[in-house]
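Written below as structure tokens is the structure these notes are about.
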Amino acid sequence: MEVRRLTLAELAMRLRSPTAGEELSPAAGVCCVQVDARGEPAPTRQAANCPVIAVVEGREVPDVVDVRVSSEAEAARVVEAVKRNPFAAAVLVRLLRHNERNNVEDGLFAESLAYSSLQHGGEFRAWLAQWRSRSNPGKPRPPPTGPATLVERAGGQLGITLNRPRKRNAYGAEMRDALCEHLALALDDVSISRVVLAGAGTCFSAGGDLDEFGEATDAALAHAARVTRSAGALIHRLGGRVEARLHGACIGAGIELPAFAGRVAARRDAFFQLPEVGMGLIPGAGGTVSILPRIGRHRLAFMALTGARVDTETALAWGLVDAIA
């Protein structure tokens, strides 16, 4: 895969070409574009079909840029990540551009379509084959102990705790269904004025349950299930009534869902990652919608493309969390 190096003016000229969508795309062998962000950009409404990376400090960048970094070393890190899964990377940046201009409902719908498509793509299938070869195929899953979530009512407060500590609260179908049930109850019961979301054990959630990855063999069914059973959509509808209390690993769904909450408080031991592009996927629990208004498109693209680990202090400075508790 080729990395194109262009100035902003050259990029704008390329994007005005009727064949720009074909030329600046992994389908044409171009994984990303790295631009020299100096000078004034020429206006264009077109966008590349691959990530556009700019090294720049202390000034704004035009909308055509997807990832803003402060050094060549950071740019190289993004490029290497994109090269590993160029199609997932291209889908991510186009989706973020789309969701930046649309409402939550439309954003979740678009994210689900994109995620369901990538689940059947070659990059994810290659990752899945490697992961299965390393994870003792055929090994029986440990039986669950107790309910997937715990719920406690105290006056007008409803406490919901993710309850799979032995699996670091891996977010799977059982936990999703239970969480949706409790959140729907809070929406229906006007006497519930506050919902507190937390996790049992050493962390809030280490992300999607990898034991269930690859089980979706029907893209249409997977999409329908994702948009009709969306914990993120319910948290969004509850809005300021929800407080998420985070600790330890908050990976994938472990930060995508809490980011919908009206208030996110994190302990100092919390850290945040979006590893999905490295698997040939994109965030699929609502992260391209929930995290976007909190930290902006450029930071979200960097975080998702590289899988960078973000500590609590940085998360607070960016707006990913609202308080350190």
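All residue names refer to the structure tokens as shown: chains lettered A, B, ... in order, residues numbered from 1 in each chain, ligands numbered from 1 in order.
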Close residues, region 96-105 of chain A itself excluded, 7 Å, only C-alpha atoms, min 4 positions apart in chain, as a ChimeraX atom specification: /A:92,109,288-289,297
Please build the interface table for region 80-171 of chain A against region 47-69 of chain A with a cut-off of 8 Å, listing for each qualifying residue the nearest atom pair and the distance in Å to one decimal; count only C-alpha atoms, order rows by chain and increasing number, and write it as CSV.
residue,atom,partner,partner_atom,distance
A:Pro86,CA,A:Cys50,CA,7.8
A:Ala89,CA,A:Pro51,CA,6.9
A:Ala90,CA,A:Cys50,CA,4.5
A:Val91,CA,A:Cys50,CA,7.8
A:Val93,CA,A:Pro51,CA,6.0
A:Arg94,CA,A:Asn49,CA,7.0
All strand (DSSP E or B) positions in region 168-283 of chain A, as a list in words: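 Here is the list: Tyr171, Arg194, Val195, Val196, Leu197, Ala198, Gly199, Ser205, Gly208, Val242, Glu243, Ala244, Arg245, Leu246, Ala249, Cys250, Ile251, Arg263, Val264, Ala265, Ala266, Phe271, Phe272 and Gln273 of chain A.
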Which of A:Glu10, A:Asp209, A:Asp106, A:Asp269 sits closest to Arg164 (chain A) [using only C-alpha atoms]: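 Going through A:Glu10, A:Asp209, A:Asp106, A:Asp269 one by one, the smallest distance to Arg164 (chain A) is for A:Asp209.
CA of Gln130 (chain A) sits 27.4 Å away from CA of Thr202 (chain A).
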Identify, with DSSP run on backbone atoms, the residues in region 123-167 of chain A assigned to helix (DSSP H, G or I), and express the list as a PDB file with C-alpha atoms, in the first residue's frame.
ATOM      1  CA  GLU A 123      -9.118  -7.859   7.331  1.00  0.00           C
ATOM      2  CA  PHE A 124     -11.356  -8.958  10.192  1.00  0.00           C
ATOM      3  CA  ARG A 125     -11.378 -12.572   9.010  1.00  0.00           C
ATOM      4  CA  ALA A 126      -7.575 -12.597   8.928  1.00  0.00           C
ATOM      5  CA  TRP A 127      -7.393 -11.152  12.456  1.00  0.00           C
ATOM      6  CA  LEU A 128     -10.000 -13.617  13.698  1.00  0.00           C
ATOM      7  CA  ALA A 129      -8.108 -16.606  12.274  1.00  0.00           C
ATOM      8  CA  GLN A 130      -4.890 -15.467  13.981  1.00  0.00           C
ATOM      9  CA  TRP A 131      -6.647 -14.820  17.280  1.00  0.00           C
ATOM     10  CA  ARG A 132      -8.359 -18.216  17.268  1.00  0.00           C
ATOM     11  CA  SER A 133      -5.071 -19.962  16.555  1.00  0.00           C
ATOM     12  CA  ARG A 134      -3.569 -18.321  19.646  1.00  0.00           C
ATOM     13  CA  PRO A 165     -15.446  -9.701  36.792  1.00  0.00           C
ATOM     14  CA  ARG A 166     -13.790 -13.027  35.853  1.00  0.00           C
ATOM     15  CA  LYS A 167     -13.965 -11.910  32.203  1.00  0.00           C
TER      16      LYS A 167
END
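Once Glu181 (chain A) and its same-chain neighbours fewer than 3 positions away are set aside, Ala148, Thr149, Leu150, Val151, Ile160, Glu174, Met175, Arg176, Asp177, Ala178, Ala184, Leu185, Ala186, Leu187, Asp188, Arg229, Ser230, Ala231, Leu234 and Ile235 of chain A remain within 12 Å of it when counting only C-alpha atoms.
Minimum atom-to-atom distances from A:Ala224, A:Ala9, A:Val277, A:Leu183 to Leu113 (chain A) were compared using only C-alpha atoms, and the lowest value belongs to A:Ala224.
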Length of the CA of Glu276 (chain A) to CA of Ser117 (chain A) vector [Å]: 13.8 Å
Option closest in space to Met279 (chain A), from A:Ile291, A:Leu108, A:Ala265, A:Val82 [counting only C-alpha atoms]: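 For Met279 (chain A), the nearest of the candidates is A:Val82.
For the atom pair formed by CA of Phe302 (chain A) and CA of Gly121 (chain A), the distance is 22.2 Å, given to one decimal.
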Ala266 (chain A) surroundings by only C-alpha atoms, 6 Å radius, close-in-sequence under 6 positions cut, as JSON, numbers by chain: {"A": [245, 246, 247, 324, 325]}
Residues just named, written with N, CA and C atoms as a PDB file, in the first residue's frame:
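Dumped to part-v3.pdb:
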ATOM      1  N   ARG A 245     -19.297   5.589  36.294  1.00  0.00           N
ATOM      2  CA  ARG A 245     -18.153   5.605  37.193  1.00  0.00           C
ATOM      3  C   ARG A 245     -17.168   4.541  36.724  1.00  0.00           C
ATOM      4  N   LEU A 246     -16.009   4.988  36.249  1.00  0.00           N
ATOM      5  CA  LEU A 246     -15.079   4.111  35.546  1.00  0.00           C
ATOM      6  C   LEU A 246     -13.823   3.864  36.364  1.00  0.00           C
ATOM      7  N   HIS A 247     -13.247   2.670  36.171  1.00  0.00           N
ATOM      8  CA  HIS A 247     -11.963   2.346  36.790  1.00  0.00           C
ATOM      9  C   HIS A 247     -11.285   1.271  35.962  1.00  0.00           C
ATOM     10  N   ILE A 324     -12.118  13.370  37.649  1.00  0.00           N
ATOM     11  CA  ILE A 324     -11.327  12.296  38.224  1.00  0.00           C
ATOM     12  C   ILE A 324     -11.781  12.134  39.666  1.00  0.00           C
ATOM     13  N   ALA A 325     -12.303  10.964  39.985  1.00  0.00           N
ATOM     14  CA  ALA A 325     -12.916  10.741  41.287  1.00  0.00           C
ATOM     15  C   ALA A 325     -12.035   9.823  42.110  1.00  0.00           C
TER      16      ALA A 325
END
Pick from A:Tyr171, A:Phe272, A:Phe213, A:Tyr115 nearest to Glu313 (chain A), counting only C-alpha atoms: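 For Glu313 (chain A), the nearest of the given residues is A:Phe272.
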Among the residues A:Val310, A:Ile282, A:Ala198, A:Leu6, the one that comes closest to Gln119 (chain A) [using only C-alpha atoms]: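 That would be A:Ile282, the residue with the smallest distance to Gln119 (chain A).
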